[in-house]
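data08.cif, holding mmCIF, C-alpha atoms:
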data_structure
loop_
_atom_site.label_atom_id
_atom_site.label_comp_id
_atom_site.auth_asym_id
_atom_site.auth_seq_id
_atom_site.Cartn_x
_atom_site.Cartn_y
_atom_site.Cartn_z
CA MET D 1 -208.81 -2.00 -173.44
CA LYS D 2 -207.47 -5.54 -173.24
CA LEU D 3 -209.76 -8.53 -172.80
CA LEU D 4 -208.52 -9.27 -169.26
CA SER D 5 -209.05 -5.66 -168.20
CA ARG D 6 -212.59 -5.65 -169.61
CA ALA D 7 -213.36 -8.93 -167.84
CA LEU D 8 -212.07 -7.66 -164.49
CA LEU D 9 -213.98 -4.41 -164.85
CA GLY D 10 -217.15 -6.34 -165.69
CA LEU D 11 -216.79 -8.38 -162.49
CA VAL D 12 -216.73 -5.35 -160.21
CA LEU D 13 -220.48 -4.69 -160.06
CA PRO D 14 -221.52 -8.39 -159.74
CA CYS D 15 -219.04 -8.84 -156.88
CA VAL D 16 -220.37 -5.73 -155.12
CA LEU D 17 -223.97 -6.91 -155.50
CA PHE D 18 -223.07 -10.40 -154.25
CA PHE D 19 -221.30 -8.90 -151.21
CA LEU D 20 -224.30 -6.70 -150.41
CA TYR D 21 -226.67 -9.67 -150.72
CA VAL D 22 -224.52 -11.76 -148.36
CA ARG D 23 -224.47 -8.96 -145.81
CA PHE D 24 -228.23 -8.45 -146.09
CA ALA D 25 -229.06 -12.17 -145.86
CA SER D 26 -226.79 -12.66 -142.83
CA SER D 27 -227.80 -9.51 -140.91
CA SER D 28 -231.56 -9.89 -141.29
CA PRO D 29 -232.53 -13.54 -141.90
CA SER D 30 -235.59 -13.86 -144.11
CA PRO D 31 -237.24 -16.94 -145.67
CA TYR D 32 -237.46 -15.01 -148.93
CA PHE D 33 -233.73 -14.22 -149.09
CA PRO D 34 -231.89 -17.43 -148.20
CA PRO D 35 -228.11 -17.51 -147.72
CA PRO D 36 -226.01 -18.08 -150.87
CA GLY D 37 -224.77 -21.38 -149.48
CA LYS D 38 -228.27 -22.87 -149.47
CA ILE D 39 -228.96 -21.53 -152.96
CA TRP D 40 -225.74 -23.05 -154.30
CA ALA D 41 -226.44 -26.41 -152.64
CA ARG D 42 -229.94 -26.54 -154.16
CA PHE D 43 -228.53 -25.43 -157.51
CA GLN D 44 -226.11 -28.36 -157.50
CA ASP D 45 -228.71 -30.89 -156.38
CA THR D 46 -231.43 -29.74 -158.78
CA TRP D 47 -229.82 -28.36 -161.90
CA LEU D 48 -226.43 -30.09 -162.10
CA PHE D 49 -227.59 -33.62 -161.43
CA ALA D 50 -231.24 -34.53 -160.90
CA HIS D 51 -233.04 -32.55 -163.61
CA VAL D 52 -230.48 -31.98 -166.34
CA ALA D 53 -231.84 -34.60 -168.74
CA THR D 54 -235.50 -34.23 -167.81
CA ASP D 55 -235.85 -30.45 -167.59
CA VAL D 56 -232.76 -28.42 -168.56
CA ALA D 57 -231.99 -30.25 -171.82
CA PRO D 58 -235.59 -30.09 -173.17
CA SER D 59 -235.80 -26.36 -172.39
CA LEU D 60 -232.54 -25.63 -174.18
CA ARG D 61 -233.58 -27.81 -177.12
CA ASN D 62 -236.83 -25.89 -177.49
CA LEU D 63 -234.88 -22.63 -177.33
CA VAL D 64 -232.39 -23.67 -180.00
CA VAL D 65 -235.00 -25.11 -182.38
CA GLY D 66 -237.46 -22.24 -182.00
CA PHE D 67 -234.88 -19.48 -182.31
CA SER D 68 -233.07 -21.14 -185.23
CA ALA D 69 -236.34 -21.49 -187.14
CA SER D 70 -237.26 -17.86 -186.47
CA ALA D 71 -233.77 -16.65 -187.44
CA VAL D 72 -233.79 -18.46 -190.79
CA THR D 73 -237.38 -17.45 -191.56
CA GLY D 74 -237.04 -13.86 -190.37
CA VAL D 75 -233.80 -13.14 -192.21
CA THR D 76 -235.05 -14.77 -195.42
CA LEU D 77 -238.39 -12.94 -195.40
CA GLY D 78 -236.71 -9.66 -194.46
CA LEU D 79 -234.25 -9.88 -197.36
CA VAL D 80 -237.00 -10.74 -199.84
CA LEU D 81 -239.52 -8.17 -198.62
CA GLY D 82 -236.82 -5.51 -198.50
CA ARG D 83 -236.07 -5.87 -202.21
CA VAL D 84 -239.44 -6.88 -203.69
CA THR D 85 -241.70 -3.85 -203.39
CA TRP D 86 -245.03 -5.44 -204.20
CA LEU D 87 -244.48 -8.24 -201.68
CA GLN D 88 -243.57 -5.65 -199.06
CA GLN D 89 -246.77 -3.70 -199.70
CA LEU D 90 -248.78 -6.92 -199.58
CA PHE D 91 -247.44 -8.40 -196.34
CA MET D 92 -246.27 -5.46 -194.21
CA PRO D 93 -249.76 -4.56 -192.86
CA LEU D 94 -250.08 -8.14 -191.64
CA VAL D 95 -246.56 -8.08 -190.17
CA HIS D 96 -247.25 -4.86 -188.27
CA PHE D 97 -250.54 -6.27 -187.00
CA PHE D 98 -248.96 -9.39 -185.50
CA ARG D 99 -245.81 -7.70 -184.18
CA SER D 100 -248.01 -5.33 -182.17
CA THR D 101 -249.28 -8.28 -180.14
CA PRO D 102 -247.19 -8.92 -176.98
CA PRO D 103 -245.47 -12.31 -177.36
CA ILE D 104 -246.68 -13.46 -173.94
CA MET D 105 -250.29 -13.13 -175.14
CA LEU D 106 -249.60 -15.74 -177.81
CA ILE D 107 -249.05 -18.49 -175.25
CA PRO D 108 -252.71 -19.34 -174.39
CA PRO D 109 -253.99 -19.63 -177.99
CA LEU D 110 -250.94 -21.59 -179.14
CA VAL D 111 -251.30 -23.98 -176.20
CA LEU D 112 -254.97 -24.49 -177.14
CA ILE D 113 -254.15 -25.06 -180.83
CA VAL D 114 -250.91 -27.06 -180.65
CA GLY D 115 -251.19 -28.63 -177.20
CA THR D 116 -249.03 -28.68 -174.09
CA GLY D 117 -246.07 -30.60 -175.49
CA ASP D 118 -242.71 -29.31 -176.66
CA THR D 119 -244.19 -28.45 -180.06
CA SER D 120 -246.23 -25.63 -178.54
CA LYS D 121 -243.16 -24.33 -176.67
CA ILE D 122 -241.16 -24.23 -179.92
CA ALA D 123 -244.05 -22.53 -181.74
CA ILE D 124 -244.30 -19.86 -179.04
CA ILE D 125 -240.57 -19.12 -179.22
CA PHE D 126 -240.68 -19.09 -183.02
CA VAL D 127 -243.61 -16.70 -183.36
CA GLY D 128 -242.46 -14.38 -180.57
CA SER D 129 -238.92 -13.92 -181.87
CA LEU D 130 -239.74 -13.90 -185.59
CA PHE D 131 -240.96 -10.33 -186.01
CA PRO D 132 -238.03 -8.46 -184.39
CA ILE D 133 -235.66 -10.36 -186.67
CA LEU D 134 -237.81 -9.76 -189.75
CA ILE D 135 -238.24 -6.02 -189.06
CA ALA D 136 -234.54 -5.48 -188.33
CA THR D 137 -233.54 -7.32 -191.51
CA LEU D 138 -236.05 -5.34 -193.54
CA ASP D 139 -234.77 -2.04 -192.15
CA GLY D 140 -231.19 -3.12 -192.80
CA VAL D 141 -231.93 -3.89 -196.44
CA ARG D 142 -233.76 -0.57 -196.85
CA SER D 143 -230.74 1.33 -195.53
CA VAL D 144 -228.29 -0.26 -197.98
CA ASP D 145 -226.39 2.24 -200.13
CA PRO D 146 -228.35 2.80 -203.39
CA MET D 147 -225.05 2.50 -205.27
CA LEU D 148 -225.16 -1.25 -204.61
CA THR D 149 -228.45 -1.41 -206.49
CA ASP D 150 -226.91 0.47 -209.42
CA VAL D 151 -223.90 -1.86 -209.39
CA ALA D 152 -226.13 -4.93 -209.36
CA ARG D 153 -228.14 -3.60 -212.28
CA GLY D 154 -225.04 -2.60 -214.19
CA LEU D 155 -223.52 -6.05 -213.78
CA ARG D 156 -226.88 -7.66 -214.54
CA ILE D 157 -226.78 -9.69 -211.35
CA SER D 158 -229.93 -11.68 -210.72
CA ARG D 159 -232.19 -10.50 -207.91
CA LEU D 160 -231.66 -13.69 -205.88
CA ARG D 161 -227.88 -13.44 -206.18
CA ALA D 162 -227.93 -9.73 -205.33
CA ILE D 163 -229.97 -10.42 -202.21
CA SER D 164 -227.65 -13.18 -200.98
CA GLN D 165 -224.29 -11.66 -201.96
CA LEU D 166 -224.83 -7.88 -201.82
CA TYR D 167 -227.77 -6.80 -199.69
CA GLY D 168 -227.40 -9.57 -197.10
CA PRO D 169 -223.79 -8.75 -196.11
CA ALA D 170 -224.45 -5.00 -196.32
CA ALA D 171 -227.40 -5.36 -193.93
CA GLY D 172 -225.38 -7.68 -191.64
CA PRO D 173 -225.07 -5.29 -188.65
CA ALA D 174 -228.81 -4.61 -188.63
CA ILE D 175 -229.57 -8.31 -189.03
CA PHE D 176 -227.43 -9.24 -186.04
CA GLY D 177 -229.12 -6.49 -184.03
CA GLY D 178 -232.46 -8.13 -184.78
CA LEU D 179 -231.08 -11.58 -183.99
CA GLU D 180 -229.86 -10.37 -180.61
CA THR D 181 -233.29 -8.94 -179.77
CA GLY D 182 -234.98 -12.11 -180.99
CA LEU D 183 -232.65 -14.24 -178.88
CA GLN D 184 -233.45 -12.26 -175.74
CA ILE D 185 -237.17 -12.67 -176.41
CA SER D 186 -236.65 -16.38 -177.05
CA VAL D 187 -235.08 -16.90 -173.61
CA VAL D 188 -237.99 -15.08 -171.95
CA LEU D 189 -240.55 -17.11 -173.89
CA MET D 190 -238.72 -20.36 -173.15
CA VAL D 191 -239.35 -19.77 -169.46
CA ALA D 192 -242.82 -18.21 -169.79
CA SER D 193 -244.13 -20.99 -172.03
CA GLU D 194 -243.18 -23.56 -169.38
CA MET D 195 -245.12 -21.76 -166.67
CA ILE D 196 -248.48 -22.44 -168.32
CA ALA D 197 -249.83 -25.96 -168.94
CA ALA D 198 -246.40 -27.61 -168.74
CA THR D 199 -245.12 -30.74 -167.02
CA HIS D 200 -241.36 -30.19 -167.20
CA GLY D 201 -238.74 -27.57 -167.94
CA ILE D 202 -236.82 -24.85 -166.15
CA GLY D 203 -239.82 -22.53 -166.00
CA TYR D 204 -242.09 -25.31 -164.73
CA LEU D 205 -239.82 -26.27 -161.82
CA THR D 206 -239.22 -22.63 -160.90
CA MET D 207 -242.96 -21.98 -160.96
CA GLN D 208 -243.58 -25.04 -158.79
CA ALA D 209 -241.05 -23.74 -156.27
CA GLN D 210 -242.81 -20.38 -156.23
CA ALA D 211 -246.23 -22.02 -155.75
CA THR D 212 -244.94 -23.94 -152.71
CA PHE D 213 -243.12 -20.90 -151.24
CA ASP D 214 -239.77 -22.60 -151.77
CA ALA D 215 -237.57 -19.50 -151.91
CA VAL D 216 -234.37 -21.52 -152.21
CA GLY D 217 -235.74 -23.33 -155.26
CA VAL D 218 -236.84 -20.06 -156.86
CA TRP D 219 -233.43 -18.45 -156.36
CA SER D 220 -231.63 -21.53 -157.68
CA GLY D 221 -233.79 -21.37 -160.82
CA ILE D 222 -232.99 -17.68 -161.20
CA LEU D 223 -229.29 -18.48 -160.84
CA LEU D 224 -229.53 -21.13 -163.56
CA LEU D 225 -231.32 -18.76 -165.94
CA SER D 226 -228.71 -16.07 -165.25
CA VAL D 227 -225.89 -18.48 -166.11
CA ILE D 228 -227.67 -19.65 -169.26
CA GLY D 229 -228.36 -16.07 -170.34
CA PHE D 230 -224.74 -15.06 -169.75
CA LEU D 231 -223.36 -18.00 -171.74
CA ILE D 232 -225.81 -17.45 -174.60
CA ALA D 233 -224.91 -13.75 -174.78
CA ALA D 234 -221.19 -14.57 -174.79
CA LEU D 235 -221.57 -17.15 -177.57
CA PHE D 236 -223.71 -14.79 -179.64
CA LYS D 237 -221.20 -11.96 -179.23
CA ALA D 238 -218.36 -14.26 -180.32
CA ALA D 239 -220.31 -15.37 -183.39
CA ARG D 240 -221.20 -11.79 -184.29
CA SER D 241 -217.58 -10.67 -183.93
CA ARG D 242 -216.46 -13.48 -186.23
CA VAL D 243 -219.10 -12.95 -188.92
CA LEU D 244 -218.92 -9.15 -188.85
CA ALA D 245 -215.16 -8.92 -188.44
CA TRP D 246 -214.93 -6.72 -191.55
CA HIS D 247 -217.51 -4.29 -190.18
CA ILE D 248 -215.87 -4.10 -186.75
CA GLN D 249 -212.47 -3.44 -188.35
CA MET D 250 -213.91 -0.68 -190.53
CA SER D 251 -215.54 0.92 -187.48
CA ARG D 252 -212.24 0.86 -185.60
CA VAL D 253 -210.39 2.44 -188.52
CA ALA D 254 -213.03 5.18 -188.83
CA ARG D 255 -212.91 5.80 -185.07
CA ASP D 256 -209.11 6.03 -184.98
CA ARG D 257 -208.97 8.64 -187.74
#

Show me, as structure tokens, the structure contained in the file I just sent.
Amino acid sequence: MKLLSRALLGLVLPCVLFFLYVRFASSSPSPYFPPPGKIWARFQDTWLFAHVATDVAPSLRNLVVGFSASAVTGVTLGLVLGRVTWLQQLFMPLVHFFRSTPPIMLIPPLVLIVGTGDTSKIAIIFVGSLFPILIATLDGVRSVDPMLTDVARGLRISRLRAISQLYGPAAGPAIFGGLETGLQISVVLMVASEMIAATHGIGYLTMQAQATFDAVGVWSGILLLSVIGFLIAALFKAARSRVLAWHIQMSRVARDR
């Protein structure tokens, strides 16, 4: 299916939902479901002009820094633990212990330890998204064809070089699966961390609108987060398609046979 056809097909359901919302909001006026025109006007006034530098930019910066740190750390630890057995046996009980804790529950203690500034927001995003990336990378390395290990030993390739040039690319699909999950968690934690002991950010302003029963402000914040989530997902998919082009091509060849 061509790109244009996929894009048009993907717009069908959003257009239907938007039409149904317009009909519902116009037929039965409710303060909790304002008309789209009011939501769009507030979206422009709040998120496109007044609070871009003071709230949107800091939230996105925290997201990028926290997720980038967790991606680098998670992939690196996953590759190492996947190939070094004694390190895996030493650290995996601790990893399973911390990954069993819901990320949202980490917000209060991290706020108490680090404070209410952007550092605590970055730490929350980092810790919450680290373990899905680490586990996915570890599982990807474990599932690598054992023949690669035999080839590395036969060629006397060092362990560090084998991890970076053999096991890393072979585990690429699993790694990107973990990165996608970690990115989704990062977006959730970006908003959630700004709803507790915060003074700025997308989550803070949306929470303030909810506390004052400002339905238009809440819906405009939801609209902004939807746009951000859509753009992030599109950029991630483009990056994954570029990095894993060889894997996608192999999958297409195998499917066409």

The PyMOL selection byres ((chain D and resi 196-209) around 6) applied to the shown file, residues as a PDB file with C-alpha atoms, in the frame of the given file:
ATOM      1  CA  ASP D  55    -235.850 -30.450-167.590  1.00  0.00           C
ATOM      2  CA  VAL D  56    -232.760 -28.420-168.560  1.00  0.00           C
ATOM      3  CA  SER D  59    -235.800 -26.360-172.390  1.00  0.00           C
ATOM      4  CA  THR D 116    -249.030 -28.680-174.090  1.00  0.00           C
ATOM      5  CA  VAL D 191    -239.350 -19.770-169.460  1.00  0.00           C
ATOM      6  CA  SER D 193    -244.130 -20.990-172.030  1.00  0.00           C
ATOM      7  CA  GLU D 194    -243.180 -23.560-169.380  1.00  0.00           C
ATOM      8  CA  MET D 195    -245.120 -21.760-166.670  1.00  0.00           C
ATOM      9  CA  GLN D 210    -242.810 -20.380-156.230  1.00  0.00           C
ATOM     10  CA  ALA D 211    -246.230 -22.020-155.750  1.00  0.00           C
ATOM     11  CA  THR D 212    -244.940 -23.940-152.710  1.00  0.00           C
ATOM     12  CA  ASP D 214    -239.770 -22.600-151.770  1.00  0.00           C
ATOM     13  CA  GLY D 217    -235.740 -23.330-155.260  1.00  0.00           C
ATOM     14  CA  VAL D 218    -236.840 -20.060-156.860  1.00  0.00           C
ATOM     15  CA  GLY D 221    -233.790 -21.370-160.820  1.00  0.00           C
TER      16      GLY D 221
END

Translate the PyMOL selection byres ((chain D and resi 176-190) around 9), as applied to the file shown, into an explicit residue set as a short mmCIF file (atom, residue, chain, number, x, y, z; two decimals) with C-alpha atoms, in the frame of the given file.
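And here's part_26.cif as it stands now:
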data_model
loop_
_atom_site.label_atom_id
_atom_site.label_comp_id
_atom_site.auth_asym_id
_atom_site.auth_seq_id
_atom_site.Cartn_x
_atom_site.Cartn_y
_atom_site.Cartn_z
CA SER D 59 -235.80 -26.36 -172.39
CA LEU D 60 -232.54 -25.63 -174.18
CA ASN D 62 -236.83 -25.89 -177.49
CA LEU D 63 -234.88 -22.63 -177.33
CA VAL D 64 -232.39 -23.67 -180.00
CA GLY D 66 -237.46 -22.24 -182.00
CA PHE D 67 -234.88 -19.48 -182.31
CA SER D 70 -237.26 -17.86 -186.47
CA ALA D 71 -233.77 -16.65 -187.44
CA VAL D 75 -233.80 -13.14 -192.21
CA PRO D 103 -245.47 -12.31 -177.36
CA ILE D 104 -246.68 -13.46 -173.94
CA ILE D 107 -249.05 -18.49 -175.25
CA LYS D 121 -243.16 -24.33 -176.67
CA ILE D 122 -241.16 -24.23 -179.92
CA ILE D 124 -244.30 -19.86 -179.04
CA ILE D 125 -240.57 -19.12 -179.22
CA PHE D 126 -240.68 -19.09 -183.02
CA GLY D 128 -242.46 -14.38 -180.57
CA SER D 129 -238.92 -13.92 -181.87
CA LEU D 130 -239.74 -13.90 -185.59
CA PHE D 131 -240.96 -10.33 -186.01
CA PRO D 132 -238.03 -8.46 -184.39
CA ILE D 133 -235.66 -10.36 -186.67
CA LEU D 134 -237.81 -9.76 -189.75
CA ILE D 135 -238.24 -6.02 -189.06
CA ALA D 136 -234.54 -5.48 -188.33
CA THR D 137 -233.54 -7.32 -191.51
CA ALA D 171 -227.40 -5.36 -193.93
CA GLY D 172 -225.38 -7.68 -191.64
CA PRO D 173 -225.07 -5.29 -188.65
CA ALA D 174 -228.81 -4.61 -188.63
CA ILE D 175 -229.57 -8.31 -189.03
CA VAL D 191 -239.35 -19.77 -169.46
CA ALA D 192 -242.82 -18.21 -169.79
CA SER D 193 -244.13 -20.99 -172.03
CA GLU D 194 -243.18 -23.56 -169.38
CA GLY D 201 -238.74 -27.57 -167.94
CA ILE D 202 -236.82 -24.85 -166.15
CA GLY D 203 -239.82 -22.53 -166.00
CA LEU D 225 -231.32 -18.76 -165.94
CA GLY D 229 -228.36 -16.07 -170.34
CA ILE D 232 -225.81 -17.45 -174.60
CA ALA D 233 -224.91 -13.75 -174.78
CA PHE D 236 -223.71 -14.79 -179.64
CA LYS D 237 -221.20 -11.96 -179.23
CA ARG D 240 -221.20 -11.79 -184.29
CA LEU D 244 -218.92 -9.15 -188.85
#

Nearest to Leu224 of chain D, chosen from D:Ser120, D:Thr46, D:Ser5, D:Ser26, with only C-alpha atoms counted in the distances: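 Once distances to Leu224 of chain D are computed over only C-alpha atoms, the minimum belongs to D:Thr46.
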
One decimal, in Å: what's the spacing between atom CA of Arg83 of chain D and atom CA of Arg161 of chain D?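 We find that atom CA of Arg83 of chain D and atom CA of Arg161 of chain D lie 11.8 Å from each other.
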
So what do you get for atom CA of Pro35 of chain D versus atom CA of Leu231 of chain D, distance-wise?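 These two atoms are separated by 24.5 Å.
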
Would you translate the PyMOL selection byres ((chain D and resi 91) around 12) into the concrete set of residues it matches in this file, as a ChimeraX atom specification? /D:77-78,80-82,84-90,92-98,134-135

For atom CA of Lys38 of chain D and atom CA of Ile222 of chain D, quote the distance in Å rounded to one decimal.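 Calculated distance between atom CA of Lys38 of chain D and atom CA of Ile222 of chain D is 13.7 Å.
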